[in-house]
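**Student:** Pasting structure.csv here (CSV, C-alpha atoms):
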chain,number,residue,atom,x,y,z
A,346,MET,CA,60.3,-4.1,24.1
A,347,THR,CA,60.5,-0.8,22.2
A,348,PRO,CA,62.8,-0.3,19.2
A,349,GLY,CA,64.9,1.9,21.4
A,350,GLU,CA,65.4,-0.8,24.0
A,351,ILE,CA,66.2,-3.4,21.3
A,352,SER,CA,68.9,-1.1,19.9
A,353,VAL,CA,70.4,-0.7,23.4
A,354,LEU,CA,70.8,-4.5,23.6
A,355,ALA,CA,72.0,-4.8,20.0
A,356,ASP,CA,74.6,-2.1,20.5
A,357,LEU,CA,75.9,-3.7,23.7
A,358,ALA,CA,76.1,-7.2,22.1
A,359,ARG,CA,77.9,-5.9,19.0
A,360,ARG,CA,80.5,-3.9,21.0
A,361,ARG,CA,81.2,-6.5,23.7
A,362,SER,CA,81.0,-9.8,21.8
A,363,GLY,CA,80.7,-9.0,18.1
A,364,VAL,CA,77.4,-10.8,18.0
A,365,ILE,CA,74.8,-9.1,15.7
A,366,VAL,CA,71.3,-9.2,17.3
A,367,ASP,CA,68.5,-9.5,14.8
A,368,ALA,CA,66.2,-6.7,15.8
A,369,ASP,CA,63.2,-8.4,14.0
A,370,LYS,CA,63.3,-11.4,16.2
A,371,THR,CA,61.9,-9.8,19.3
A,372,TYR,CA,60.6,-13.2,20.6
A,373,VAL,CA,64.1,-14.7,20.5
A,374,ILE,CA,65.6,-11.7,22.4
A,375,GLU,CA,62.8,-11.9,25.0
A,376,SER,CA,63.0,-15.6,25.6
A,377,ARG,CA,66.8,-15.4,26.0
A,378,LEU,CA,66.7,-12.4,28.4
A,379,ALA,CA,63.7,-13.3,30.5
A,380,PRO,CA,65.7,-15.8,32.6
A,381,VAL,CA,68.5,-13.2,33.1
A,382,ALA,CA,66.0,-10.5,34.2
A,383,ARG,CA,64.4,-13.0,36.6
A,384,ARG,CA,67.7,-14.1,38.1
A,385,GLN,CA,68.9,-10.6,38.6
A,386,GLY,CA,65.6,-9.6,40.3
A,387,PHE,CA,64.0,-7.4,37.7
A,388,THR,CA,60.3,-7.6,37.2
A,389,SER,CA,60.5,-6.8,33.5
A,390,LEU,CA,62.9,-6.6,30.6
A,391,SER,CA,62.4,-2.8,30.4
A,392,GLU,CA,63.7,-2.6,34.0
A,393,LEU,CA,66.7,-4.7,33.1
A,394,ILE,CA,67.5,-2.5,30.1
A,395,SER,CA,67.1,0.8,31.9
A,396,ASP,CA,69.4,-0.5,34.6
A,397,LEU,CA,72.0,-1.5,31.9
A,398,GLN,CA,71.8,2.1,30.7
A,399,SER,CA,72.0,3.8,34.0
A,400,ARG,CA,75.0,2.1,35.5
A,401,GLU,CA,78.0,0.2,34.1
A,402,ASP,CA,77.5,-3.0,36.0
A,403,GLU,CA,79.9,-5.4,34.3
A,404,THR,CA,78.3,-8.5,35.8
A,405,LEU,CA,74.9,-7.6,34.5
A,406,ILE,CA,76.3,-6.5,31.1
A,407,TRP,CA,78.0,-9.8,30.6
A,408,ALA,CA,75.1,-11.8,31.8
A,409,THR,CA,73.0,-10.0,29.2
A,410,VAL,CA,75.6,-10.2,26.4
A,411,GLU,CA,76.1,-13.9,27.0
A,412,ALA,CA,72.4,-14.6,27.0
A,413,LEU,CA,72.0,-12.8,23.6
A,414,SER,CA,74.2,-15.4,21.8
A,415,SER,CA,72.8,-18.7,20.5
A,416,THR,CA,73.8,-21.7,22.6
A,417,GLU,CA,72.4,-24.2,20.1
A,418,THR,CA,74.6,-27.3,19.8
A,419,GLN,CA,74.4,-31.1,19.8
A,420,PHE,CA,76.7,-34.1,19.9
A,421,PHE,CA,78.4,-34.7,16.5
A,422,ARG,CA,76.5,-31.8,15.1
A,423,ASP,CA,76.1,-32.1,11.2
A,424,ARG,CA,78.0,-35.4,11.3
A,425,SER,CA,80.1,-34.8,8.2
A,426,PRO,CA,82.8,-32.7,9.8
A,427,PHE,CA,83.5,-35.5,12.3
A,428,HIS,CA,83.6,-38.0,9.5
A,429,GLN,CA,86.1,-35.8,7.7
A,430,ILE,CA,88.2,-35.4,10.8
A,431,ALA,CA,88.4,-39.1,11.2
A,432,ALA,CA,88.9,-40.0,7.6
A,433,GLU,CA,91.1,-37.1,6.4
A,434,VAL,CA,92.4,-34.8,9.1
A,435,LEU,CA,93.7,-37.3,11.7
A,436,PRO,CA,95.4,-39.5,9.0
A,437,ALA,CA,97.0,-36.4,7.4
A,438,LEU,CA,98.4,-35.2,10.8
A,439,ALA,CA,99.6,-38.8,11.5
A,440,ARG,CA,101.5,-38.8,8.2
A,441,LYS,CA,103.3,-35.7,9.4
A,442,GLY,CA,104.4,-37.6,12.5
A,443,ARG,CA,102.1,-35.8,14.9
A,444,GLN,CA,101.4,-37.9,18.0
A,445,GLN,CA,99.9,-35.2,20.2
A,446,ILE,CA,97.1,-33.4,18.4
A,447,LYS,CA,96.2,-30.0,19.8
A,448,VAL,CA,92.7,-29.0,19.1
A,449,TRP,CA,90.7,-25.8,19.8
A,450,SER,CA,86.9,-25.8,19.9
A,451,ALA,CA,86.1,-22.1,19.6
A,452,GLY,CA,82.6,-21.3,20.8
A,453,CYS,CA,82.0,-24.7,22.4
A,454,SER,CA,78.7,-23.7,24.1
A,455,THR,CA,77.8,-26.5,26.6
A,456,GLY,CA,80.6,-28.8,25.5
A,457,GLN,CA,79.0,-31.2,23.1
A,458,GLU,CA,81.5,-30.3,20.3
A,459,PRO,CA,84.7,-30.8,22.2
A,460,TYR,CA,83.4,-33.9,23.9
A,461,SER,CA,82.4,-35.3,20.5
A,462,LEU,CA,85.9,-34.8,19.4
A,463,ALA,CA,87.3,-36.5,22.5
A,464,ILE,CA,85.0,-39.5,21.9
A,465,LEU,CA,86.0,-39.5,18.2
A,466,ALA,CA,89.7,-39.6,19.3
A,467,GLU,CA,89.0,-42.5,21.6
A,468,GLU,CA,87.2,-44.4,18.9
A,469,GLU,CA,89.9,-43.7,16.3
A,470,GLY,CA,92.7,-44.1,18.7
A,471,GLY,CA,95.7,-46.1,17.4
A,472,LYS,CA,94.3,-46.5,13.9
A,473,HIS,CA,97.0,-44.2,12.5
A,474,GLY,CA,99.7,-45.0,15.0
A,475,PRO,CA,100.1,-43.6,18.5
A,476,MET,CA,98.1,-40.4,18.8
A,477,SER,CA,96.5,-38.5,21.7
A,478,MET,CA,94.3,-35.5,21.6
A,479,ASP,CA,94.4,-32.5,23.8
A,480,ILE,CA,91.4,-30.3,23.4
A,481,PHE,CA,91.0,-26.7,24.4
A,482,ALA,CA,87.4,-25.5,24.4
A,483,SER,CA,86.3,-21.9,24.8
A,484,ASP,CA,83.1,-20.0,25.0
A,485,LEU,CA,82.0,-16.5,26.0
A,486,SER,CA,79.3,-17.8,28.3
A,487,ASP,CA,80.2,-18.8,31.9
A,488,ARG,CA,76.9,-20.5,32.3
A,489,CYS,CA,77.5,-22.7,29.3
A,490,LEU,CA,81.0,-23.6,30.4
A,491,GLU,CA,79.8,-24.5,33.8
A,492,LYS,CA,77.4,-27.0,32.3
A,493,GLY,CA,80.1,-28.2,29.9
A,494,MET,CA,82.6,-28.8,32.7
A,495,ALA,CA,80.1,-30.8,34.7
A,496,GLY,CA,79.7,-33.1,31.7
A,497,LEU,CA,76.1,-33.7,32.8
A,498,TYR,CA,73.5,-33.9,30.0
A,499,THR,CA,69.7,-34.5,29.9
A,500,GLN,CA,68.1,-37.5,28.2
A,501,PHE,CA,67.0,-35.1,25.5
A,502,GLU,CA,70.5,-33.8,24.9
A,503,VAL,CA,72.1,-37.3,24.7
A,504,GLN,CA,69.6,-38.4,22.1
A,505,ARG,CA,70.4,-35.8,19.5
A,506,GLY,CA,73.4,-36.8,17.4
A,507,LEU,CA,74.9,-39.3,19.8
A,508,PRO,CA,74.6,-43.0,18.8
A,509,SER,CA,73.3,-45.2,21.5
A,510,ARG,CA,76.4,-47.4,21.3
A,511,LEU,CA,78.6,-44.4,22.2
A,512,LEU,CA,76.1,-43.3,24.9
A,513,ILE,CA,76.4,-46.5,26.9
A,514,LYS,CA,80.1,-46.7,26.2
A,515,TYR,CA,81.1,-43.3,27.5
A,516,PHE,CA,78.3,-42.1,29.8
A,517,ASP,CA,76.9,-43.3,33.1
A,518,LYS,CA,73.3,-42.7,34.2
A,519,VAL,CA,72.9,-40.6,37.3
A,520,ASP,CA,69.3,-40.1,38.3
A,521,ASP,CA,67.7,-38.4,35.3
A,522,HIS,CA,70.9,-37.3,33.7
A,523,TRP,CA,73.8,-38.8,31.9
A,524,VAL,CA,77.3,-38.0,33.0
A,525,LEU,CA,80.3,-38.3,30.7
A,526,SER,CA,83.1,-40.6,31.8
A,527,PRO,CA,86.1,-38.9,33.5
A,528,ARG,CA,88.4,-40.4,30.9
A,529,ILE,CA,86.7,-38.3,28.2
A,530,ARG,CA,86.3,-35.2,30.3
A,531,GLN,CA,90.0,-35.0,31.2
A,532,MET,CA,90.8,-34.7,27.5
A,533,VAL,CA,89.0,-31.4,27.4
A,534,HIS,CA,90.0,-28.1,29.1
A,535,MET,CA,87.4,-25.4,29.1
A,536,GLN,CA,88.0,-21.7,29.5
A,537,ARG,CA,86.0,-18.5,29.1
A,538,GLN,CA,87.2,-16.5,26.1
A,539,ASN,CA,85.9,-13.6,24.1
A,540,LEU,CA,86.9,-14.1,20.4
A,541,LEU,CA,86.8,-10.4,19.9
A,542,THR,CA,89.5,-9.7,22.4
A,543,ASP,CA,91.3,-12.8,23.7
A,544,VAL,CA,92.5,-14.8,20.7
A,545,LYS,CA,96.1,-13.6,20.6
A,546,GLY,CA,98.8,-15.7,22.2
A,547,SER,CA,97.1,-19.1,22.1
A,548,GLY,CA,98.1,-22.1,20.0
A,549,PRO,CA,99.6,-23.4,17.9
A,550,PHE,CA,96.7,-25.8,17.2
A,551,ASP,CA,96.6,-28.6,14.7
A,552,LEU,CA,92.9,-28.4,14.3
A,553,ILE,CA,90.5,-25.6,15.1
A,554,LEU,CA,86.7,-25.9,15.0
A,555,CYS,CA,84.9,-22.6,14.8
A,556,ARG,CA,81.4,-23.5,13.7
A,557,ASN,CA,78.3,-21.5,13.6
A,558,VAL,CA,80.0,-18.8,15.7
A,559,LEU,CA,81.3,-16.2,13.2
A,560,SER,CA,78.0,-16.2,11.3
A,561,ALA,CA,76.6,-14.3,14.2
A,562,PHE,CA,79.2,-11.5,13.6
A,563,ASP,CA,79.2,-8.8,11.0
A,564,SER,CA,81.5,-9.7,8.1
A,565,SER,CA,84.4,-7.3,8.9
A,566,THR,CA,84.5,-8.5,12.5
A,567,ALA,CA,84.3,-12.1,11.4
A,568,ARG,CA,87.2,-11.5,9.0
A,569,THR,CA,89.4,-9.9,11.7
A,570,VAL,CA,88.7,-12.7,14.2
A,571,LEU,CA,89.5,-15.3,11.5
A,572,GLU,CA,92.8,-13.7,10.7
A,573,GLN,CA,93.7,-13.9,14.4
A,574,ILE,CA,92.6,-17.5,14.5
A,575,ALA,CA,94.9,-18.1,11.5
A,576,ASN,CA,97.8,-17.0,13.6
A,577,THR,CA,97.0,-19.7,16.2
A,578,LEU,CA,96.8,-22.5,13.6
A,579,ALA,CA,99.9,-24.6,12.9
A,580,PRO,CA,101.1,-24.1,9.3
A,581,ASP,CA,99.9,-27.5,8.4
A,582,GLY,CA,96.8,-27.4,10.6
A,583,PHE,CA,93.1,-27.5,9.7
A,584,LEU,CA,90.2,-25.1,10.3
A,585,VAL,CA,86.6,-26.4,10.3
A,586,MET,CA,83.8,-24.0,9.8
A,587,GLY,CA,80.0,-24.5,9.9
A,588,ALA,CA,78.2,-26.2,7.0
A,589,HIS,CA,76.6,-22.9,5.8
A,590,GLU,CA,79.4,-20.5,6.7
A,591,THR,CA,81.4,-18.7,4.0
A,592,SER,CA,83.4,-16.1,5.9
A,593,ALA,CA,86.7,-18.1,5.5
A,594,HIS,CA,86.3,-17.6,1.7
A,595,HIS,CA,86.5,-13.8,2.3
A,596,THR,CA,89.9,-13.6,3.9
A,597,PRO,CA,93.2,-14.3,2.3
A,598,ALA,CA,94.3,-16.1,5.5
A,599,PHE,CA,92.7,-19.4,4.5
A,600,ARG,CA,92.1,-21.5,1.5
A,601,PRO,CA,89.5,-24.3,1.2
A,602,VAL,CA,90.8,-27.9,1.2
A,603,PRO,CA,89.7,-29.2,-2.2
A,604,GLY,CA,86.9,-31.8,-2.0
A,605,LEU,CA,86.3,-31.3,1.8
A,606,HIS,CA,83.4,-29.0,2.5
A,607,GLY,CA,83.9,-26.6,5.4
A,608,LEU,CA,87.6,-27.5,5.8
A,609,TYR,CA,90.3,-24.9,5.4
A,610,MET,CA,94.1,-24.6,5.7
A,611,ARG,CA,96.3,-21.6,6.1
A,612,ASP,CA,97.3,-19.8,3.0
A,613,PRO,CA,101.1,-19.8,3.3
A,614,ASN,CA,101.3,-16.5,1.5
A,615,PHE,CA,99.3,-14.7,4.2
A,616,ARG,CA,101.0,-13.0,7.1
A,617,VAL,CA,99.1,-11.2,9.8
A,618,ALA,CA,100.4,-7.8,10.9
A,619,ALA,CA,101.6,-8.3,14.4
B,774,MET,CA,58.0,-46.0,-0.5
B,775,ARG,CA,59.7,-47.6,2.4
B,776,THR,CA,57.6,-49.0,5.2
B,777,CYS,CA,58.2,-48.5,8.9
B,778,LEU,CA,56.3,-50.8,11.3
B,779,VAL,CA,55.4,-49.1,14.6
B,780,VAL,CA,55.0,-51.6,17.4
B,781,ASP,CA,53.6,-50.1,20.6
B,782,ASP,CA,50.6,-51.0,22.8
B,783,SER,CA,49.7,-47.3,23.2
B,784,ARG,CA,47.5,-46.0,20.4
B,785,VAL,CA,48.6,-42.5,21.3
B,786,VAL,CA,52.3,-43.3,20.8
B,787,ARG,CA,51.5,-45.1,17.5
B,788,LYS,CA,49.6,-42.1,16.3
B,789,VAL,CA,52.4,-39.6,17.2
B,790,SER,CA,55.1,-41.9,15.7
B,791,ARG,CA,53.0,-42.3,12.5
B,792,ARG,CA,52.8,-38.5,12.0
B,793,ILE,CA,56.5,-38.0,12.5
B,794,LEU,CA,57.5,-41.0,10.3
B,795,GLU,CA,55.2,-40.0,7.5
B,796,GLU,CA,56.7,-36.6,7.6
B,797,ILE,CA,60.2,-38.0,7.0
B,798,GLY,CA,59.0,-40.2,4.1
B,799,PHE,CA,57.9,-43.5,5.5
B,800,ASP,CA,54.8,-45.6,4.9
B,801,VAL,CA,53.6,-46.6,8.3
B,802,ALA,CA,52.1,-49.9,9.5
B,803,GLU,CA,51.0,-50.4,13.1
B,804,ALA,CA,51.0,-53.3,15.5
B,805,ALA,CA,50.0,-53.4,19.2
B,806,ASP,CA,52.2,-56.2,20.4
B,807,GLY,CA,55.0,-58.6,19.3
B,808,VAL,CA,52.6,-61.2,18.0
B,809,GLU,CA,50.8,-58.8,15.8
B,810,ALA,CA,54.1,-57.4,14.6
B,811,LEU,CA,55.4,-60.9,13.7
B,812,ALA,CA,52.2,-61.4,11.6
B,813,TRP,CA,52.9,-58.2,9.8
B,814,CYS,CA,56.5,-59.1,9.1
B,815,ARG,CA,55.5,-62.6,7.8
B,816,ALA,CA,53.1,-60.9,5.3
B,817,ALA,CA,55.5,-58.2,4.2
B,818,MET,CA,58.9,-57.4,5.8
B,819,PRO,CA,59.2,-53.7,6.5
B,820,SER,CA,62.4,-51.7,6.0
B,821,ALA,CA,62.3,-50.3,9.5
B,822,ILE,CA,60.7,-51.2,12.8
B,823,LEU,CA,60.2,-48.7,15.7
B,824,LEU,CA,59.8,-51.1,18.6
B,825,ASP,CA,58.4,-50.6,22.2
B,826,TRP,CA,59.8,-52.9,24.9
B,827,ASN,CA,57.0,-53.5,27.4
B,828,MET,CA,53.9,-54.8,25.7
B,829,PRO,CA,51.3,-57.4,26.5
B,830,VAL,CA,51.3,-60.8,24.7
B,831,MET,CA,54.8,-60.6,23.4
B,832,ASP,CA,57.3,-57.9,24.4
B,833,GLY,CA,59.8,-56.1,22.1
B,834,LEU,CA,62.9,-58.0,23.0
B,835,GLU,CA,61.2,-61.4,22.5
B,836,PHE,CA,59.7,-60.1,19.2
B,837,LEU,CA,63.2,-59.1,18.0
B,838,ASN,CA,64.7,-62.4,18.9
B,839,GLN,CA,61.9,-64.3,17.0
B,840,LEU,CA,62.1,-61.9,14.1
B,841,ARG,CA,65.8,-62.6,13.5
B,842,ARG,CA,64.9,-66.3,13.1
B,843,GLU,CA,62.3,-65.6,10.4
B,844,PRO,CA,63.2,-65.9,6.7
B,845,GLY,CA,64.3,-62.4,5.7
B,846,GLY,CA,64.0,-61.4,9.4
B,847,ASP,CA,67.6,-60.1,9.4
B,848,LYS,CA,66.6,-57.3,6.9
B,849,PRO,CA,64.5,-54.8,8.9
B,850,VAL,CA,66.5,-52.0,10.7
B,851,VAL,CA,65.2,-52.1,14.3
B,852,VAL,CA,65.1,-49.0,16.5
B,853,PHE,CA,63.9,-49.5,20.0
B,854,CYS,CA,61.6,-46.9,21.6
B,855,SER,CA,60.9,-47.5,25.2
B,856,VAL,CA,60.5,-45.9,28.7
B,857,GLU,CA,63.2,-48.2,29.9
B,858,ASN,CA,66.1,-45.7,30.0
B,859,ASP,CA,69.0,-47.5,31.8
B,860,PRO,CA,72.3,-48.5,30.1
B,861,ASP,CA,71.5,-52.2,30.8
B,862,HIS,CA,68.3,-52.2,28.7
B,863,ILE,CA,70.1,-50.3,25.9
B,864,ALA,CA,73.0,-52.7,25.9
B,865,MET,CA,70.6,-55.7,25.8
B,866,ALA,CA,68.6,-54.2,22.9
B,867,LEU,CA,71.8,-53.5,20.9
B,868,GLU,CA,73.1,-56.9,21.6
B,869,ALA,CA,69.8,-58.5,20.3
B,870,GLY,CA,70.4,-56.6,17.0
B,871,ALA,CA,68.7,-53.3,17.4
B,872,ILE,CA,70.7,-50.6,15.7
B,873,GLU,CA,69.5,-47.6,17.8
B,874,TYR,CA,67.6,-47.0,21.0
B,875,ILE,CA,65.2,-44.1,21.7
B,876,MET,CA,64.3,-43.3,25.3
B,877,LYS,CA,60.8,-42.0,25.8
B,878,PRO,CA,59.6,-39.3,25.8
B,879,PHE,CA,60.7,-38.5,22.3
B,880,ASP,CA,60.0,-35.8,19.7
B,881,SER,CA,60.4,-35.5,16.0
B,882,ASP,CA,64.0,-34.3,16.4
B,883,ILE,CA,65.0,-37.4,18.3
B,884,ILE,CA,63.3,-39.8,15.9
B,885,GLU,CA,64.9,-38.0,12.9
B,886,SER,CA,68.3,-38.0,14.6
B,887,LYS,CA,68.1,-41.7,15.5
B,888,PHE,CA,66.9,-42.7,12.0
B,889,VAL,CA,69.9,-40.8,10.6
B,890,GLU,CA,72.2,-42.8,13.0
B,891,ALA,CA,70.5,-46.0,11.9
B,892,GLY,CA,71.3,-45.2,8.2
B,893,LEU,CA,67.5,-44.9,7.4
B,894,LEU,CA,67.7,-41.3,6.3
Represent the structure from my file as structure tokens, please.
**Tutor:**
Amino acid sequence: MTPGEISVLADLARRRSGVIVDADKTYVIESRLAPVARRQGFTSLSELISDLQSREDETLIWATVEALSSTETQFFRDRSPFHQIAAEVLPALARKGRQQIKVWSAGCSTGQEPYSLAILAEEEGGKHGPMSMDIFASDLSDRCLEKGMAGLYTQFEVQRGLPSRLLIKYFDKVDDHWVLSPRIRQMVHMQRQNLLTDVKGSGPFDLILCRNVLSAFDSSTARTVLEQIANTLAPDGFLVMGAHETSAHHTPAFRPVPGLHGLYMRDPNFRVAA
Amino acid sequence: MRTCLVVDDSRVVRKVSRRILEEIGFDVAEAADGVEALAWCRAAMPSAILLDWNMPVMDGLEFLNQLRREPGGDKPVVVFCSVENDPDHIAMALEAGAIEYIMKPFDSDIIESKFVEAGLL
């Protein structure tokens, strides 16, 4: 790919999804786009890119933009946020009398994060009084959501982050794959959503996970999205960000929960302009 | 340094496992079947055991059952590592006292992730 071609892609991704493409990682861009080019019948990436420039084909544009974002995920990724949700967040919500917990997994990729939450809710169920969890999961990528909704995972995927005890409790083996039980799947509702344009009007949520998503955005876009996310969070709700993400520190909308890394609450003094 | 005993009748699997386990900070000992593994454990109980199921002489499940009857045999954290990949085998292994179960083929990510689950890392 030429620098010109890379900048066409980077510009498209930034405008449509907010995602910043690292122009130095040519191999990443190529490996993500090669399958798109193949599926759409192009013989090379250059052909795909020149087609993107010559006509405004929305299907092709979105297939490209979606492919340019990372889909990296795993069950119970980073572990500690899930421990914190079990040990701190759910009890805190229970103390406030919440029985129906509304959760949003923003940027859910292929579903491992919302399903981990659903499994966690099952495992924790009843410990803090009657409580059920209703999980909304969104992602930009239709392909990821399709896989997520199927609830079908490879042997490799179910061995990263998922304890064997939970694997045999909540999954059935179907041929070479593992399929999540309907009881867990029905707790999660997935829908395509672009964080750049579609956040308004959803919520209120008691718990929002937006992990390793905004770190792919430039800082002012991340801040704008976070402030919209703040609007969808219940006043006493919690936001969970990725382990190495700091963007919530840079907006007055949130303040960190003392002693709980990666956990935030709304700052009551912050009001978003409607 | 903590020791992990790798029990597998395949020399290739033992070699691959050794490389991964040494990288995550274990001293590695090897055994080719359950009887050899028991001899190792009687001499020096390891902290962890990565255990194949199907082996000649004594298989993994029988080894685990015998190990748990040895003095100090309740100590090692046992992680199965087998081509048997159906829920029944996994359930049987966990019931016998294994803490985690790896389905072959595996890579370093899976071993590391399972050792974290097992509380070994």
**Student:** Give me, as a list in words, the contact residues of chain A against chain B at a cut-off of 10 Å, counting all atoms listed in the file.
**Tutor:**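 Listing them in order of chain and number gives Arg424, Gln500, Phe501, Glu502, Val503, Gln504, Arg505, Gly506, Leu507, Pro508, Ser509, Arg510, Leu512, Ile513, Lys514, Phe516, Asp517, Lys518, Val519, Asp520, Asp521 and Trp523 of chain A.
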**Student:** Extract, using all atoms listed in the file, all DNA, RNA and protein residues at most 9 Å from A:Ala431, discarding same-chain residues fewer than 5 positions from it, and format them as JSON, numbers by chain.
**Tutor:** {"A": [426, 436, 465, 466, 469]}
**Student:** Could you jot down the atom CA of A:Val448 to atom CA of A:Val364 separation for me, Å, one decimal place?
**Tutor:**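 Separation between atom CA of A:Val448 and atom CA of A:Val364: 23.8 Å.
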**Student:** Name the residues in contact with B:Ala804 at a cut-off of 12 Å, using all atoms listed in the file, excluding same-chain residues fewer than 4 positions from it; report them as a PyMOL selection string.
**Tutor:** chain B and resi 777-784+786-788+791+808-814+822-825+828-833+836
**Student:** Select from stretch 431-521 of chain A every residue with an atom at most 9 Å from any atom of stretch 538-554 of chain A, then for each give the shortest pair of atoms and their distance in Å to one decimal, using all atoms listed in the file, rows by chain and rising number, as JSON lines.
**Tutor:**
{"residue": "A:Val434", "atom": "CA", "partner": "A:Leu552", "partner_atom": "CA", "distance": 8.3}
{"residue": "A:Leu438", "atom": "CA", "partner": "A:Asp551", "partner_atom": "CA", "distance": 7.9}
{"residue": "A:Ile446", "atom": "CA", "partner": "A:Asp551", "partner_atom": "CA", "distance": 6.1}
{"residue": "A:Lys447", "atom": "CA", "partner": "A:Phe550", "partner_atom": "CA", "distance": 5.0}
{"residue": "A:Val448", "atom": "CA", "partner": "A:Leu552", "partner_atom": "CA", "distance": 4.8}
{"residue": "A:Trp449", "atom": "CA", "partner": "A:Ile553", "partner_atom": "CA", "distance": 4.7}
{"residue": "A:Ser450", "atom": "CA", "partner": "A:Leu554", "partner_atom": "CA", "distance": 4.9}
{"residue": "A:Ala451", "atom": "CA", "partner": "A:Leu554", "partner_atom": "CA", "distance": 6.0}
{"residue": "A:Gly452", "atom": "CA", "partner": "A:Leu540", "partner_atom": "CA", "distance": 8.4}
{"residue": "A:Cys453", "atom": "CA", "partner": "A:Leu554", "partner_atom": "CA", "distance": 8.8}
{"residue": "A:Glu458", "atom": "CA", "partner": "A:Leu554", "partner_atom": "CA", "distance": 8.6}
{"residue": "A:Pro459", "atom": "CA", "partner": "A:Leu554", "partner_atom": "CA", "distance": 8.9}
{"residue": "A:Ser483", "atom": "CA", "partner": "A:Gln538", "partner_atom": "CA", "distance": 5.6}
{"residue": "A:Asp484", "atom": "CA", "partner": "A:Gln538", "partner_atom": "CA", "distance": 5.5}
{"residue": "A:Leu485", "atom": "CA", "partner": "A:Gln538", "partner_atom": "CA", "distance": 5.2}
{"residue": "A:Ser486", "atom": "CA", "partner": "A:Gln538", "partner_atom": "CA", "distance": 8.3}
**Student:** For B:Leu834, which residue out of B:Val852, B:Met774, B:Phe799, B:Ser790 is the nearest one, using only C-alpha atoms?
**Tutor:**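 Among the listed residues, the smallest separation from B:Leu834 belongs to B:Val852.
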**Student:** Quick check, in Å to one decimal: how far apart do atom CA of A:His522 and atom CA of A:Leu497 lie?
**Tutor:**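 Those two atoms sit 6.4 Å apart.
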**Student:** Quick one, how far is atom CA of A:Ala575 from atom CA of A:Ala598?
**Tutor:**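 Atom CA of A:Ala575 sits 6.4 Å away from atom CA of A:Ala598.
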**Student:** Looking at A:Ile351, A:Met346, A:Cys555, A:Val410, which one is nearest to A:Ser389, with distances taken over only C-alpha atoms?
**Tutor:**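 With only C-alpha atoms as the atom set, the closest residue is A:Met346.
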**Student:** If we count all atoms listed in the file, what is near B:Leu893 at a cut-off of 9 Å, once residues fewer than 6 positions away on the same chain are taken out, given as a list of chain:residue names?
**Tutor:**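 Returned residues: B:Ser820, B:Ala821, B:Val850, B:Lys887.
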**Student:** Using all atoms listed in the file, can you tell me which of B:Glu843, B:Glu795, B:Glu835, B:Glu857 comes closest to B:Thr776?
**Tutor:**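 The closest residue to B:Thr776 is B:Glu795.
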**Student:** Name the residues in contact with B:Gly846 at a cut-off of 10 Å, using only C-alpha atoms, excluding same-chain residues fewer than 6 positions from it; report them as a ChimeraX atom specification.
**Tutor:** /B:811,814-815,818-819,837-840
**Student:** Which residues come within 12 Å of A:Leu559, counting all atoms listed in the file, excluding same-chain residues fewer than 5 positions away, as a PyMOL selection string?
**Tutor:** chain A and resi 362-365+414-415+451-452+540-541+554+564-571+574+585-587+589-593
**Student:** From (77.8, -31.8, 17.9), in the file's coordinates, out to 8 Å: which residues are reached, counting only C-alpha atoms? Answer as a list in words.
**Tutor:**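 Residues close enough to count: Thr418, Gln419, Phe420, Phe421, Arg422, Asp423, Arg424, Gln457, Glu458, Ser461 and Gly506 of chain A.
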**Student:** Around the point (68.7, -14.1, 29.3) in the file's coordinates, collect all residues with an atom within 12 Å, using all atoms listed in the file, and return them as JSON, numbers by chain.
**Tutor:** {"A": [354, 372, 373, 374, 375, 376, 377, 378, 379, 380, 381, 382, 383, 384, 385, 387, 389, 390, 393, 394, 405, 406, 407, 408, 409, 410, 411, 412, 413, 414, 415, 416, 486, 488]}
